[in-house]
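Working notes for the structure below.
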Amino acid sequence: MAYYQPEVAPGLPPLSARRPLINEYFLSAYTMSVYNGCELGCPYCDSWVYQERPLNETIAIPVDLPQRLAAVLPNIDRGDLIAISALSDPYQPAEQTYRITRQVLQLFADQGQPCLVMTKSPLVLEDRALLQKINERSLAIVVTTLLTLDQHLATRIEGRAPSPQLRLELIAELKRAGIPVGVAIVPVMPYINDSNLNLRRVLHACAGAGADFVVWDYLHIPNERHRHRINILLSQLGSYPPRYYRDIYRDQATVNSIYRHDRDRELWLRCNELGIAPRAPHRMFAGKLSPRNEAALLLRHAAFSDRMQGRERLFNLHCDLAEAVYRGHFRAVDLRQSPLYPTIGPLLGLSTTA
Ligand code: SF4
């Protein structure tokens with residue numbers, strides 16, 4: 001049991017600054033977290049790095065967050081999505097007592113603010129009516145994390161989190177409630193959950209549960225203390241080659257490009273086989289975000305697909321166009337170079353005739 005510390009932080013911004021690029025995984029222009037600290041304390045989580053105190057021991061309860069958020073929400077464009085996805089789980093045990101996340105969703109529902117909630121906990125189902133209400137006015141997506149179906153492994157890498165089976169049931173329950181749901185295989189961890197077999201099983205289960213899409217990203221090791229934490233985790237899990245991560249990380253914070261491309265392609269191919277979208281599908285956000293955000297996401301998602309198919313020139317073009325469109329500095333002549341122009345041109349109010 002963690003220690004809960006109610007806090008007020010007048011003047012502390014409740015949201016991140018508007019992102020310089022739209023987040024292609026979570027469709028977001030802004031990010032926020034609710035609680036400061038996370039009782040689930042998954043050892044791989046890089047939030048450990050950003051806390052002064054042990055991540056899972058003291059949970060700061062931002063009792064004035066709803067007031068701070070209410071003050072800034074009128075200035076946020078309703079076409080910009082806010083993702084509650086940073087640094088802590090918004091439905092960790094503290095939510096049962098304090099209901100700060102519920103108050104945040106109530107504000108979003110009142111304003112019709114598009115949002116995405118990332119959680120491992122079925123507690124989110126207690127707010128399904130609020131999520132449905134947001135979806136009636138704009139867009140509310142839930143994303144849950146799923147790293148493995150192996151209960152033995154799950155216990156060792158995220159033992160305080162709800163089991164994989166509970167999360168699969170959560171996906172199915174959200175779908176029954178008509179709420180869009182995605183799965184984040186985040187993080188994919190070399191030697192731990194990155195085998196073809198494990199990833200295929202996870203994708204298969206996601207498709208079976210009815211998830212609308214999956215996304216994935218790789219273990220982040222921002223500093224030496226976290227590297228040490230990961231080394232301990234690995235030593236507890238089994239015997240690994242000495243300096244196992246040296247080739248994959250080369251003492252950097254992220255995996256090298258060869259490893260990333262290899263795993264990306266494996267996941268992308270299996271998604272195609274199973275008919276599950278490897279990014280949020282257009283039908284989910286069409287007309288729900290600002291036209292610029294919608295077009296920027298289409299371009300980013302096309303860029304990912306281009307890269308997976310070896311179309312480097314189109315990949316670079318679509319990345320550049322996505323950035324320009326999101327920032328509002330695009331030129332029609334550049335957009336016309338993209339095969340997506342017949343879709344994104346009209347979205348942006350441009351003519352489709354030459
Ligand atoms: S639940 Fe999420 S935020 Fe909390 S410790 Fe685990 S990975 Fe980190």
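Lettering and numbering for the structure tokens are positional, with chains as A, B, ... in the shown order, residues counted from 1 in each chain, and ligands counted from 1 in the shown order.
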
**OP:** Can you list, as a ChimeraX atom specification, all residues belonging to stretch 132-233 of chain A that DSSP tags as alpha helix (DSSP H)?
**Re:** /A:132-137,151-158,164-176,196-209,224-233

Distance table requested - chain A against ligand 1, cut-off 6 Å, only C-alpha atoms and all ligand atoms: one row per qualifying residue with the closest atom pair and its distance in Å to one decimal, ordered by chain and rising residue number, as a Markdown table.
```
| residue | atom | partner | partner_atom_place_in_ligand_line | distance |
| --- | --- | --- | --- | --- |
| A:Cys38 | CA | ligand 1 | 4 (Fe) | 4.6 |
| A:Leu40 | CA | ligand 1 | 5 (S) | 4.9 |
| A:Gly41 | CA | ligand 1 | 5 (S) | 3.9 |
| A:Cys42 | CA | ligand 1 | 6 (Fe) | 4.1 |
| A:Cys45 | CA | ligand 1 | 8 (Fe) | 4.4 |
| A:Ser47 | CA | ligand 1 | 8 (Fe) | 5.8 |
| A:Leu87 | CA | ligand 1 | 3 (S) | 4.9 |
| A:Ser88 | CA | ligand 1 | 3 (S) | 3.6 |
| A:Asp89 | CA | ligand 1 | 3 (S) | 4.7 |
```

Can I get the selected residues back with C-alpha atoms, as a PDB file, in the first residue's frame?
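Result saved to result18.pdb:
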```pdb
ATOM      1  CA  CYS A  38       2.230   5.142  -9.696  1.00  0.00           C
ATOM      2  CA  LEU A  40       1.622  -0.255  -9.801  1.00  0.00           C
ATOM      3  CA  GLY A  41       5.389   0.345  -9.924  1.00  0.00           C
ATOM      4  CA  CYS A  42       6.252  -1.728 -13.002  1.00  0.00           C
ATOM      5  CA  CYS A  45       8.593   1.952 -16.412  1.00  0.00           C
ATOM      6  CA  SER A  47       8.602   7.078 -14.880  1.00  0.00           C
ATOM      7  CA  LEU A  87       3.959   9.080 -16.043  1.00  0.00           C
ATOM      8  CA  SER A  88       1.236   7.315 -14.038  1.00  0.00           C
ATOM      9  CA  ASP A  89      -1.863   5.168 -14.443  1.00  0.00           C
TER      10      ASP A  89
END
```

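What separates atom CA of A:Glu273 from atom CA of A:Leu203 is a distance of 10.1 Å.
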
Original post:
Of the residues A:Val63, A:Ile22, A:Ala161, A:Leu12, which is the one nearest to A:Arg300, using only C-alpha atoms?
Top reply: A:Ile22

Original post:
Which residue gives the smallest distance to A:Ala303 among A:Gln92, A:Glu24, A:Leu149, A:Gly208, with only C-alpha atoms counted?
Top reply: A:Glu24

**OP:** Write out as number ranges by chain each polymer residue whose atoms come within 12 Å of A:Ile179, counting only C-alpha atoms; drop sequence neighbours fewer than 4 positions from it.
**Re:** A: 115-117, 124-125, 127-136, 138-143, 170-175, 210-212, 284

Just C-alpha atoms for this one: save the residues we selected as a tab-separated table (two decimals), in the first residue's frame.
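Saved as out.tsv:
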```
chain	number	residue	atom	x	y	z
A	115	CYS	CA	-9.38	12.60	-25.16
A	116	LEU	CA	-7.53	9.32	-24.86
A	117	VAL	CA	-7.05	7.47	-21.58
A	124	VAL	CA	-11.99	2.61	-16.07
A	125	LEU	CA	-15.23	0.73	-16.71
A	127	ASP	CA	-16.52	5.72	-15.96
A	128	ARG	CA	-17.96	4.18	-19.11
A	129	ALA	CA	-21.00	6.48	-19.04
A	130	LEU	CA	-18.71	9.51	-19.06
A	131	LEU	CA	-16.64	8.06	-21.89
A	132	GLN	CA	-19.81	7.37	-23.86
A	133	LYS	CA	-20.94	10.94	-23.25
A	134	ILE	CA	-17.64	12.31	-24.55
A	135	ASN	CA	-17.94	10.04	-27.59
A	136	GLU	CA	-21.39	11.42	-28.33
A	138	SER	CA	-16.42	14.17	-29.86
A	139	LEU	CA	-14.01	11.29	-29.24
A	140	ALA	CA	-12.92	9.25	-26.21
A	141	ILE	CA	-10.52	6.35	-26.73
A	142	VAL	CA	-9.20	3.93	-24.12
A	143	VAL	CA	-5.82	2.31	-24.65
A	170	LEU	CA	-11.59	-5.00	-20.39
A	171	ILE	CA	-11.13	-4.61	-24.15
A	172	ALA	CA	-14.20	-6.70	-24.89
A	173	GLU	CA	-16.26	-4.84	-22.29
A	174	LEU	CA	-15.29	-1.44	-23.69
A	175	LYS	CA	-16.20	-2.57	-27.17
A	210	GLY	CA	-12.07	-6.88	-30.65
A	211	ALA	CA	-9.43	-4.16	-30.22
A	212	ASP	CA	-9.67	-1.46	-32.87
A	284	MET	CA	-12.17	6.33	-35.61
```

Subject >> Nearest candidate to A:Tyr245 (options A:Leu314, A:Leu153, A:Arg99, A:Leu219; using only C-alpha atoms) >> reply: A:Leu219

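Every protein or nucleic acid residue with an atom no more than 10 Å from A:Tyr35, counting only C-alpha atoms and leaving out same-chain residues fewer than 2 positions away, appears here: A:Tyr4, A:Pro6, A:Met32, A:Ser33, A:Gly37, A:Cys38, A:Glu39, A:Ile59, A:Ala60, A:Ile61, A:Pro62, A:Val63, A:Leu65, A:Ala86, A:Leu87, A:Ser88, A:Asp89, A:Pro90, A:Tyr91, A:Gln92, A:Ala94, A:Glu95, A:Ile100, A:Thr101.
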
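Residue nearest A:Ala286 within the list A:Ile192, A:Ile344, A:Leu168, A:Ala9: A:Ile344 [criterion: smallest interatomic distance, only C-alpha atoms].
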
Subject >> Contact residues around A:Asn198 with only C-alpha atoms at 9 Å, ignoring same-chain residues under 3 positions, as a VMD selection string >> reply: chain A and resid 147 to 150 193 to 195 201 to 203

Could you save the residues just selected, with N, CA and C atoms, as a compact mmCIF listing (two decimals), in the first residue's frame?
```txt
# COMPACT_ATOMS: atom_id res chain seq x y z
N LEU A 147 1.52 -6.73 -22.67
CA LEU A 147 2.90 -7.07 -23.02
C LEU A 147 3.10 -8.55 -23.29
N THR A 148 2.28 -9.36 -22.67
CA THR A 148 2.40 -10.80 -22.81
C THR A 148 1.11 -11.45 -22.34
N LEU A 149 0.87 -12.68 -22.77
CA LEU A 149 -0.24 -13.45 -22.21
C LEU A 149 0.26 -14.45 -21.17
N ASP A 150 1.57 -14.54 -21.05
CA ASP A 150 2.18 -15.49 -20.12
C ASP A 150 2.03 -14.95 -18.69
N ASN A 193 10.01 -9.78 -23.89
CA ASN A 193 8.70 -10.05 -24.52
C ASN A 193 8.74 -9.79 -26.02
N ASP A 194 9.95 -9.84 -26.61
CA ASP A 194 10.06 -9.44 -28.02
C ASP A 194 10.11 -10.62 -28.99
N SER A 195 9.91 -11.85 -28.50
CA SER A 195 10.00 -12.99 -29.43
C SER A 195 8.80 -12.98 -30.38
N ARG A 201 1.16 -13.99 -30.20
CA ARG A 201 0.09 -14.37 -29.26
C ARG A 201 -0.64 -13.12 -28.77
N VAL A 202 0.12 -12.08 -28.48
CA VAL A 202 -0.52 -10.85 -27.99
C VAL A 202 -1.42 -10.26 -29.08
N LEU A 203 -0.91 -10.20 -30.30
CA LEU A 203 -1.72 -9.62 -31.39
C LEU A 203 -2.97 -10.45 -31.64
```

Original post:
When DSSP works through the backbone of this structure, what residues of stretch 162-317 of chain A end up as strand (DSSP E or B), shown as a PyMOL selection string?
Top reply: chain A and resi 181-188+213-218+277

Could you please take those selected residues and save N, CA and C atoms as a PDB file, in the first residue's frame?
```pdb
ATOM      1  N   VAL A 181     -11.244   1.292 -28.613  1.00  0.00           N
ATOM      2  CA  VAL A 181     -10.196   0.799 -27.710  1.00  0.00           C
ATOM      3  C   VAL A 181      -8.978   0.321 -28.502  1.00  0.00           C
ATOM      4  N   GLY A 182      -7.834   0.710 -28.015  1.00  0.00           N
ATOM      5  CA  GLY A 182      -6.577   0.285 -28.620  1.00  0.00           C
ATOM      6  C   GLY A 182      -5.729  -0.448 -27.594  1.00  0.00           C
ATOM      7  N   VAL A 183      -4.697  -1.099 -28.096  1.00  0.00           N
ATOM      8  CA  VAL A 183      -3.764  -1.804 -27.211  1.00  0.00           C
ATOM      9  C   VAL A 183      -2.361  -1.273 -27.486  1.00  0.00           C
ATOM     10  N   ALA A 184      -1.649  -0.980 -26.416  1.00  0.00           N
ATOM     11  CA  ALA A 184      -0.254  -0.552 -26.541  1.00  0.00           C
ATOM     12  C   ALA A 184       0.640  -1.687 -26.097  1.00  0.00           C
ATOM     13  N   ILE A 185       1.425  -2.221 -27.023  1.00  0.00           N
ATOM     14  CA  ILE A 185       2.468  -3.180 -26.635  1.00  0.00           C
ATOM     15  C   ILE A 185       3.684  -2.317 -26.329  1.00  0.00           C
ATOM     16  N   VAL A 186       3.635  -1.754 -25.165  1.00  0.00           N
ATOM     17  CA  VAL A 186       4.644  -0.763 -24.765  1.00  0.00           C
ATOM     18  C   VAL A 186       5.033  -1.035 -23.313  1.00  0.00           C
ATOM     19  N   PRO A 187       6.274  -1.401 -23.053  1.00  0.00           N
ATOM     20  CA  PRO A 187       7.340  -1.472 -24.049  1.00  0.00           C
ATOM     21  C   PRO A 187       7.556  -2.905 -24.564  1.00  0.00           C
ATOM     22  N   VAL A 188       8.005  -2.970 -25.821  1.00  0.00           N
ATOM     23  CA  VAL A 188       8.620  -4.206 -26.303  1.00  0.00           C
ATOM     24  C   VAL A 188      10.033  -4.219 -25.718  1.00  0.00           C
ATOM     25  N   PHE A 213      -7.275  -1.231 -32.661  1.00  0.00           N
ATOM     26  CA  PHE A 213      -5.929  -1.014 -33.211  1.00  0.00           C
ATOM     27  C   PHE A 213      -4.887  -1.383 -32.159  1.00  0.00           C
ATOM     28  N   VAL A 214      -3.674  -1.550 -32.598  1.00  0.00           N
ATOM     29  CA  VAL A 214      -2.551  -1.712 -31.669  1.00  0.00           C
ATOM     30  C   VAL A 214      -1.460  -0.712 -32.053  1.00  0.00           C
ATOM     31  N   VAL A 215      -0.684  -0.355 -31.068  1.00  0.00           N
ATOM     32  CA  VAL A 215       0.546   0.406 -31.306  1.00  0.00           C
ATOM     33  C   VAL A 215       1.634  -0.258 -30.470  1.00  0.00           C
ATOM     34  N   TRP A 216       2.861   0.042 -30.765  1.00  0.00           N
ATOM     35  CA  TRP A 216       3.955  -0.524 -29.964  1.00  0.00           C
ATOM     36  C   TRP A 216       5.112   0.445 -29.950  1.00  0.00           C
ATOM     37  N   ASP A 217       5.920   0.307 -28.934  1.00  0.00           N
ATOM     38  CA  ASP A 217       7.167   1.069 -28.856  1.00  0.00           C
ATOM     39  C   ASP A 217       8.130   0.294 -27.954  1.00  0.00           C
ATOM     40  N   TYR A 218       9.352   0.748 -27.892  1.00  0.00           N
ATOM     41  CA  TYR A 218      10.421  -0.057 -27.309  1.00  0.00           C
ATOM     42  C   TYR A 218      10.873   0.484 -25.959  1.00  0.00           C
ATOM     43  N   ALA A 277      -5.572  -3.076 -37.140  1.00  0.00           N
ATOM     44  CA  ALA A 277      -4.872  -1.869 -37.605  1.00  0.00           C
ATOM     45  C   ALA A 277      -3.647  -1.587 -36.731  1.00  0.00           C
TER      46      ALA A 277
END
```

Subject >> Pick from A:Asn223, A:Leu335, A:Asn256, A:Leu299, whichever lies nearest to A:His318 using only C-alpha atoms >> reply: A:Leu299

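Counting from atom CA of A:Pro122, the distance to atom CA of A:Leu73 is 27.1 Å.
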
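For the atom pair formed by atom CA of A:Ala296 and atom CA of A:Glu323, the distance is 6.9 Å, given to one decimal.
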
Find the residues near A:Val72: any atom within 9 Å, counting only C-alpha atoms, skip ones fewer than 6 places away on the same chain, and give them as a compact mmCIF listing (two decimals) with C-alpha atoms, in the first residue's frame.
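Produced file result.txt, reproduced below:
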```txt
# COMPACT_ATOMS: atom_id res chain seq x y z
CA PRO A 13 0.04 23.82 -15.69
CA PRO A 14 -2.35 20.83 -15.84
CA LEU A 15 -1.36 20.05 -19.43
```
